[in-house]
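What follows is one structure encoded as C-alpha cells, with my remarks underneath.
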Amino acid sequence: MTTYESVFRASVEDREGFWLGAAQDLDWATPPTRALDDGKPPFFRWFPDGELNVAHNALDRHVAAGRGEQAALIYDSPVTGTKKTFTYARLRDEVAGFAGVLRELGVGRGDRVVIYMPMVPEAAIAMLACARLGAVHSVVFGGFAADELAVRIEDATPTVVVSASCGIEGKRVIEYKPLLDRALELSTHKPRKTVILQRPQATAAMGADDVDWAEAMATASPADPVPVASTAPLYVLYTSGTTGKPKGVVRDCGGYATALAWTMTNVYDVGPGQTIFTASDVGWVVGHSYIVYGPLLAGATTILYEGKPVGTPDAGQFWRVVAEYGVRSLFTAPTAFRAIKKEDPRGEYTRGYDISGLRYLFLAGERLDPETYRWASDLLDIPVIDHWWQTETGWPIVANPAGIELLPVKPGSPTKPLPGWDVQVLDTRGKPAPPGEDGAIVVRLPLPPGAFTTLWNDDERFVKSYMSAFDGYYLTGDGGRIDGDGYVFVMGRTDDVINVAGHRLSTGGMEEVLAAHPDVAECAVIGVADELKGQVPRGFVVLKAGVDADAAGYEERLRGELVQLVRDRIGAVASLKEVAIVPGLPKTRSGKILRKTMRGIADGLDEPVPSTIDDTSVLDTLRPILRSR
Ligand code: COA
Ligand code: AMP
C-alpha cells in the first residue's frame with residue numbers, strides 16, 4: 001500500500017530514481033539521464049541534460065492525447081458578467097498565436113517579457129506564449145503601483161511589456177495604462193514595444209510603441225514550441241524581501257514542471273479532466289503554480305476567476321463556481337474564508353448551490369487560524385488542508401498529501417514535509433531545536449526540483465539572503481517548531497516581511513516610502529494582527545525638528561499624505577491605513593529599532609522589555625498608542 005511514509009522514504013533513499021520517475025510524466029525533447037547536478041552548491045540544477053518545452057507539456061501534449069475538446073481554462077468574471085471556456089485545442093491555438101505576436105516583436109529564447117495584467121485569460125495566454133518561445137515571463141501583480149512596476153521593469157529588462165487597459169476592483173475600474181506609462185517613464189530600461197489588451201470597461205490611449213492585442217492576434221502566424229534546457233529560466237517572479245528592492249525569484253523549466261505535475265496528483269488529488277479552482281491572482285506564486293501551470297500540466301480544468309470572494313455580487317460566488325463547473329479541489333487563502341464568514345457567518349449561500357462534488361479545501365499564503373479552520377470544516381464537511389509554502393519554493397513544503405493519504409490533522413499545523421523537503425528547526429546557534437521548541441525553520445540543501453534556482457541577476461543576494469545563515473541550509477524566513485510526531489508548526493516570519501490578506505509585502509519597503517516624506521525624521525512599520533486580513537501594517541513616524549505639528553489640521557493632513565504616498569508608490573494592496581505620529585521610537589543601545597517588541601505590544605502579548613533597550617521611557621510613551629486601535 002502506498003503511504004505518506006513509504007513515498008517520503010522512497011524520495012530519501014533514492015532521490016535520483018524518485019525524481020527521474022516523476023519526470024517521466026512529461027514529454028521531453030531530450031529525456032534527462034540524471035536528476036540532480038550538485039556540482040556547484042548552493043546552485044543546484046535539476047535534470048541538467050534534459051530538454052523540454054513547458055507550454056507543449058501544458059497544452060499540445062494533451063491535444064495530441066485526444067483531450068483537445070476538454071475544457072482547459074474557464075474564465076469566470078462576476079465583475080464583468082463574463083464566462084468563457086477555452087478547450088485545450090483553443091487555448092493551444094491562442095497561445096501559439098500570441099507567441100507568434102511576441103516573436104514578431106523580437107522576443108526570442110531567453111528574452112524577458114513583463115506581464116502586468118488583471119485576471120483575464122489573456123494573462124495566462126501571455127505567460128504560456130512566453131514559455132512556448134523559451135522566453136522568460138515576469139508577471140507583476142496588477143495591484144502594484146507604477147513605482148513597483150518600474151523597479152521590476154528596470155531589473156528584468158524586458159523586450160516587450162504586455163498589459164491591459166484596465167482591471168476591475170468590485171465596481172471600480174482601475175486604469176492600467178497610465179500606471180504603465182508612468183512606470184516606463186521612471187525606468188531607464190525601455191522595452192521595444194508594449195502590447196495592450198483593450199477591455200470594454202476602459203479604452204487606453206495608444207502611443208507609437210503600443211500594439212493592440214486584438215489587431216496583432218488577427219494577423220499573427222502561430223509559433224511552435226521551442227525546446228529549451230530543463231535548467232533554463234521559465235519565469236522571474238518578484239517577491240518582497242526585507243528591503244524595498246524586490247527579489248527576482250528564478251524558476252527553471254524541467255524541475256518546476258516535474259514538481260508541479262507530481263503535486264497535482266499527490267497533494268491536490270486532481271487528475272486529467274478534473275477541475276481545480278484556485279482563487280488567487282496570476283501575479284502571485286499561487287497563481288503561477290496552481291491557476292496556470294500545475295492544472296494544465298496535469299490535463300485538468302482550471303478556473304480563472306476575476307473578482308473577490310465577497311462583494312460584487314455577493315458572498316456566494318465561490319459556491320456558485322464550485323457548483324457550476326464541478327470543482328473538485330478549491331484552493332485559496334484563509335483571508336478569503338474570513339471574508340466570507342464575516343458576510344455569511346452561517347454559510348447560507350452554500351444552500352443555494354450543489355457543492356457536493358467538492359472534495360477538498362486547500363488553504364495557504366498565511367497562517368490558518370484555528371477558528372477559520374473550524375468554521376470552514378464545519379461548513380463544508382470535507383478535509384480542510386492547510387499547507388505551507390513560499391514564492392521561493394514554488395510548491396508546498398509541508399502539506400497533508402491528499403492524493404497519497406490523508407494524515408490525521410493537528411489544527412495549527414500544515415502537517416508534514418513533502419518528499420524533497422528536509423525540514424529542520426534550528427536554534428540561534430544553528431543546533432537542532434528539540435521537538436516542540438521554536439526556532440528558525442530551515443531546509444537542508446539541496447532543495448527539490450521546482451524550488452528557485454537563484455535570484456535574477458543577483459547570485460550574491462541569493463547566497464546572502466537564503467543560504468548563508470546556516471551552512472548547508474535554506475533559510476525560509478519563517479519561525480516555528482516540529483513536534484514529536486514530525487508535524488511542522490509555522491508561527492510567522494522572523495524578518496520584515498508581512499502577509500496582508502495573503503499578499504506578501506515588505507514593511508522595509510513601506511518604511512522607505514514614509515521616510516521619503518520631507519517632514520519625517522525616522523519611522524517604523526510593523527505588521528499587527530487583523531481579524532480579516534491576518535495582518536495589516538501600522539506606521540509610526542517621528543517628525544523632523546522644526547516641523548510645527550501643532551498647526552491646525554497638520555496631523556490629519558500628514559497622515560493622509562503618508563497613506564496616499566504608500567498607495568501611490570507601492571499600491572493600494574499595501575493596506576497601510578494607520579500612521580501614528582510619535583515622539584520617538586524604542587531602540588537598542590546600538591540604535592536598532594525594536595520592531596519585534598512593538599509588534600508584541602500591539603498584538604497584546606506580554607512582550608518582555610529587552611535588556612538592550614536604550615531608554616525605556618520611549619517605550620512607555622508608545623505603549624498606549626500601540627495598544628489603541
Ligand atoms: N488591482 C488594483 N487594486 C487592487 C488589486 C488589484 N489587482 N488587488 C487589490 N487591490 C486594492 C483593493 O481594491 C483595495 O483597495 P482599497 O484600499 O481602495 O479598498 C486594496 O488594494 C487592498 O486590497 P485587499 O487587501 O485585497 O482588500 P479587499 O478589502 O479589497 O479584499 C479580501 C479583502 C480578503 C476579500 C481579498 O484580499 C481576498 O480575496 N483575498 C484572497 C486571498 C488571495 O487572493 N491571496 C493571494 C495569495 S493565495
Ligand atoms: P508567499 O511567498 O507570498 O507565498 O508568502 C510566503 C509566506 O507566507 C511564508 O513565508 C509564510 O510566512 C506565509 N505562509 C504561507 N503559507 C502558510 C501557512 N500555511 N501557514 C503559515 N504561514 C504561511
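We label chains A, B, ... in the order they appear in the C-alpha cells, count residues from 1 in each chain, and number ligands from 1 in the order shown.
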Practice prompt. Could you please extract the residues within 6 Å of ligand 2, counting only C-alpha atoms and all ligand atoms, and hand them back as JSON, numbers by chain?
Written response: {"A": [364, 365, 366, 367, 368, 386, 387, 388, 389, 390, 391, 414, 478, 490, 492, 493, 503, 504]}
Worksheet entry | Spatial neighbours of Val488 (chain A), 8 Å, only C-alpha atoms, chain gap at least 3 places, as a PyMOL selection string | chain A and resi 398+413-417+480-483
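Counting only C-alpha atoms and all ligand atoms and comparing A:Leu133, A:Val270, A:Ile581, A:Ala145, the residue that lies closest to ligand 1 is A:Ala145.
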Worksheet item: Which protein, DNA or RNA residues have an atom within 8 Å of ligand 1, counting only C-alpha atoms and all ligand atoms, as a ChimeraX atom specification?
Response: /A:118-119,141-144,167-170,174,279-281,284-287,307-310,331-340,363-365,500-503,532-533,571-575
Discussion item. When DSSP is applied to the backbone of this structure, which of region 289-409 of chain A are assigned helix (DSSP H, G or I)? Write them out as JSON, numbers by chain.
Written reply: {"A": [289, 290, 291, 292, 293, 294, 295, 296, 297, 317, 318, 319, 320, 321, 322, 323, 324, 325, 334, 335, 336, 337, 338, 339, 340, 341, 342, 343, 348, 349, 350, 351, 352, 370, 371, 372, 373, 374, 375, 376, 377, 378, 379, 380]}
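We find CA of Val226 (chain A) and CA of Thr258 (chain A) to be spaced 18.0 Å apart.
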Practice prompt. Based on DSSP run over this structure's backbone, return all residues of region 443-484 of chain A in strand (DSSP E), as an MDAnalysis selection string.
Written response: chainID A and resid 443:444 454:455 473:482
Response to the item:
In terms of only C-alpha atoms, the residue from A:Ile526, A:Arg172, A:Met510, A:Ile276 at minimal distance from Leu296 (chain A) is A:Ile276
Worksheet item: If you count only C-alpha atoms, which residues fall within 10 Å of Pro31 (chain A), apart from same-chain ones fewer than 5 positions away, as a ChimeraX atom specification?
Response: /A:20,23-24,26,47,49-52,230
Using only C-alpha atoms, what table do you get, as a tab-separated table, when you list each residue of region 208-302 of chain A with an atom no more than 12 Å from region 451-471 of chain A, its nearest pair of atoms, and their distance in Å rounded to one decimal, rows by chain then rising number?
residue	atom	partner	partner_atom	distance
A:Ser230	CA	A:Thr453	CA	11.9
A:Thr231	CA	A:Thr453	CA	8.8
A:Ala232	CA	A:Thr453	CA	10.0
A:Pro233	CA	A:Thr453	CA	8.8
A:Leu234	CA	A:Phe452	CA	10.8
A:Tyr235	CA	A:Trp456	CA	9.7
A:Val236	CA	A:Trp456	CA	6.9
A:Leu237	CA	A:Trp456	CA	9.0
A:Tyr238	CA	A:Trp456	CA	9.0
A:Thr239	CA	A:Leu455	CA	10.3
A:Gly241	CA	A:Ser465	CA	9.0
A:Thr242	CA	A:Ser465	CA	9.3
A:Thr243	CA	A:Ser465	CA	11.2
A:Lys245	CA	A:Arg461	CA	11.2
A:Pro246	CA	A:Leu455	CA	10.0
A:Lys247	CA	A:Leu455	CA	6.4
A:Gly248	CA	A:Trp456	CA	4.9
A:Val249	CA	A:Leu455	CA	4.9
A:Val250	CA	A:Phe452	CA	5.4
A:Arg251	CA	A:Phe452	CA	5.1
A:Asp252	CA	A:Thr453	CA	7.0
A:Cys253	CA	A:Thr453	CA	10.7
A:Gly254	CA	A:Ala451	CA	11.0
A:Gly255	CA	A:Ala451	CA	7.8
A:Tyr256	CA	A:Ala451	CA	7.1
A:Ala257	CA	A:Ala451	CA	10.8
A:Thr258	CA	A:Ala451	CA	11.1
A:Ala259	CA	A:Ala451	CA	8.8
A:Leu260	CA	A:Ala451	CA	10.5
A:Val285	CA	A:Phe452	CA	11.5
A:Ser289	CA	A:Ala451	CA	11.5
Item to complete: Pick out the residues sitting within 10 Å of Lys596 (chain A), and hand them over as a PyMOL selection string; count only C-alpha atoms, and ignore anything fewer than 5 positions along from it in its own chain.
Response: chain A and resi 494-496+526-527+601-602+607
Those residues you just picked out, can you put them in a file as a PDB file, in the first residue's frame with C-alpha atoms?
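Output file again_20.pdb is given in full below:
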ATOM      1  CA  THR A 494      11.197  36.285  11.541  1.00  0.00           C
ATOM      2  CA  ASP A 495      12.065  39.154   9.187  1.00  0.00           C
ATOM      3  CA  ASP A 496      10.377  42.318   7.925  1.00  0.00           C
ATOM      4  CA  ILE A 526       5.137  46.825  11.782  1.00  0.00           C
ATOM      5  CA  GLY A 527       2.587  44.154  10.924  1.00  0.00           C
ATOM      6  CA  ILE A 601       2.784  45.062  22.470  1.00  0.00           C
ATOM      7  CA  ALA A 602       0.438  45.970  19.586  1.00  0.00           C
ATOM      8  CA  GLU A 607       6.335  41.111  25.444  1.00  0.00           C
TER       9      GLU A 607
END
Item to complete: Fewer than 2 positions away in the same chain doesn't count, so skip those; otherwise give me all residues within 6 Å of region 350-356 of chain A, counting only C-alpha atoms, as a ChimeraX atom specification.
Response: /A:319,323,347-348,358
Just to be explicit: take each residue in the selection above, keep all heavy atoms, and write the result as a PDB file, in the first residue's frame.
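Contents of the output file result_25.pdb:
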ATOM      1  N   TRP A 319     -19.209  29.354  -4.114  1.00  0.00           N
ATOM      2  CA  TRP A 319     -20.082  28.164  -4.158  1.00  0.00           C
ATOM      3  C   TRP A 319     -20.732  28.050  -5.527  1.00  0.00           C
ATOM      4  O   TRP A 319     -20.903  26.959  -6.056  1.00  0.00           O
ATOM      5  CB  TRP A 319     -21.138  28.220  -3.042  1.00  0.00           C
ATOM      6  CG  TRP A 319     -20.564  28.707  -1.747  1.00  0.00           C
ATOM      7  CD1 TRP A 319     -21.036  29.692  -0.946  1.00  0.00           C
ATOM      8  CD2 TRP A 319     -19.351  28.239  -1.114  1.00  0.00           C
ATOM      9  NE1 TRP A 319     -20.211  29.888   0.127  1.00  0.00           N
ATOM     10  CE2 TRP A 319     -19.168  29.009   0.049  1.00  0.00           C
ATOM     11  CE3 TRP A 319     -18.408  27.268  -1.428  1.00  0.00           C
ATOM     12  CZ2 TRP A 319     -18.093  28.828   0.913  1.00  0.00           C
ATOM     13  CZ3 TRP A 319     -17.329  27.089  -0.583  1.00  0.00           C
ATOM     14  CH2 TRP A 319     -17.179  27.850   0.570  1.00  0.00           C
ATOM     15  N   ALA A 323     -20.220  24.815  -7.912  1.00  0.00           N
ATOM     16  CA  ALA A 323     -21.366  24.056  -8.426  1.00  0.00           C
ATOM     17  C   ALA A 323     -21.390  24.062  -9.953  1.00  0.00           C
ATOM     18  O   ALA A 323     -21.579  23.025 -10.594  1.00  0.00           O
ATOM     19  CB  ALA A 323     -22.662  24.652  -7.878  1.00  0.00           C
ATOM     20  N   GLY A 347     -23.190  30.503   6.595  1.00  0.00           N
ATOM     21  CA  GLY A 347     -23.000  29.801   5.325  1.00  0.00           C
ATOM     22  C   GLY A 347     -24.292  29.595   4.556  1.00  0.00           C
ATOM     23  O   GLY A 347     -24.450  28.588   3.860  1.00  0.00           O
ATOM     24  N   GLU A 348     -25.192  30.587   4.651  1.00  0.00           N
ATOM     25  CA  GLU A 348     -26.496  30.453   3.985  1.00  0.00           C
ATOM     26  C   GLU A 348     -26.335  30.264   2.471  1.00  0.00           C
ATOM     27  O   GLU A 348     -27.088  29.538   1.848  1.00  0.00           O
ATOM     28  CB  GLU A 348     -27.357  31.713   4.199  1.00  0.00           C
ATOM     29  CG  GLU A 348     -27.480  32.177   5.636  1.00  0.00           C
ATOM     30  CD  GLU A 348     -28.581  31.460   6.383  1.00  0.00           C
ATOM     31  OE1 GLU A 348     -29.233  30.618   5.767  1.00  0.00           O
ATOM     32  OE2 GLU A 348     -28.741  31.736   7.592  1.00  0.00           O
ATOM     33  N   LEU A 358     -17.379  18.932  -4.334  1.00  0.00           N
ATOM     34  CA  LEU A 358     -16.157  19.489  -3.750  1.00  0.00           C
ATOM     35  C   LEU A 358     -15.564  18.506  -2.755  1.00  0.00           C
ATOM     36  O   LEU A 358     -16.204  18.132  -1.770  1.00  0.00           O
ATOM     37  CB  LEU A 358     -16.471  20.828  -3.058  1.00  0.00           C
ATOM     38  CG  LEU A 358     -15.259  21.615  -2.564  1.00  0.00           C
ATOM     39  CD1 LEU A 358     -14.392  22.083  -3.732  1.00  0.00           C
ATOM     40  CD2 LEU A 358     -15.695  22.824  -1.729  1.00  0.00           C
TER      41      LEU A 358
END
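Nearest to Lys171 (chain A) of all the residues A:Val140, A:Val79, A:Ile291, A:Val409 is A:Val79, counting only C-alpha atoms.
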Just want the 8 Å neighbourhood of Met127 (chain A), counted on only C-alpha atoms, with same-chain residues fewer than 4 positions away dropped. Output as a PDB file with N, CA and C atoms, in the first residue's frame.
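The file below, out34.pdb, is the result:
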ATOM      1  N   ILE A 115       4.600  41.033 -17.727  1.00  0.00           N
ATOM      2  CA  ILE A 115       3.144  40.925 -17.924  1.00  0.00           C
ATOM      3  C   ILE A 115       2.476  41.623 -16.740  1.00  0.00           C
ATOM      4  N   ALA A 123      -3.888  36.945 -19.641  1.00  0.00           N
ATOM      5  CA  ALA A 123      -2.701  36.916 -18.771  1.00  0.00           C
ATOM      6  C   ALA A 123      -2.065  35.527 -18.838  1.00  0.00           C
ATOM      7  N   ALA A 131       6.457  30.903 -22.526  1.00  0.00           N
ATOM      8  CA  ALA A 131       7.011  29.564 -22.314  1.00  0.00           C
ATOM      9  C   ALA A 131       7.181  28.847 -23.653  1.00  0.00           C
ATOM     10  N   HIS A 137       8.946  34.954 -18.650  1.00  0.00           N
ATOM     11  CA  HIS A 137       7.978  35.991 -18.268  1.00  0.00           C
ATOM     12  C   HIS A 137       8.200  36.451 -16.848  1.00  0.00           C
ATOM     13  N   VAL A 139       5.568  38.224 -14.318  1.00  0.00           N
ATOM     14  CA  VAL A 139       4.235  38.769 -14.101  1.00  0.00           C
ATOM     15  C   VAL A 139       4.292  39.694 -12.885  1.00  0.00           C
TER      16      VAL A 139
END
Item to complete: Could you give me, as a count of residues only, the residues within 12 Å of Arg629 (chain A), counting only C-alpha atoms and dropping anything in the same chain fewer than 3 positions from it?
Response: 16
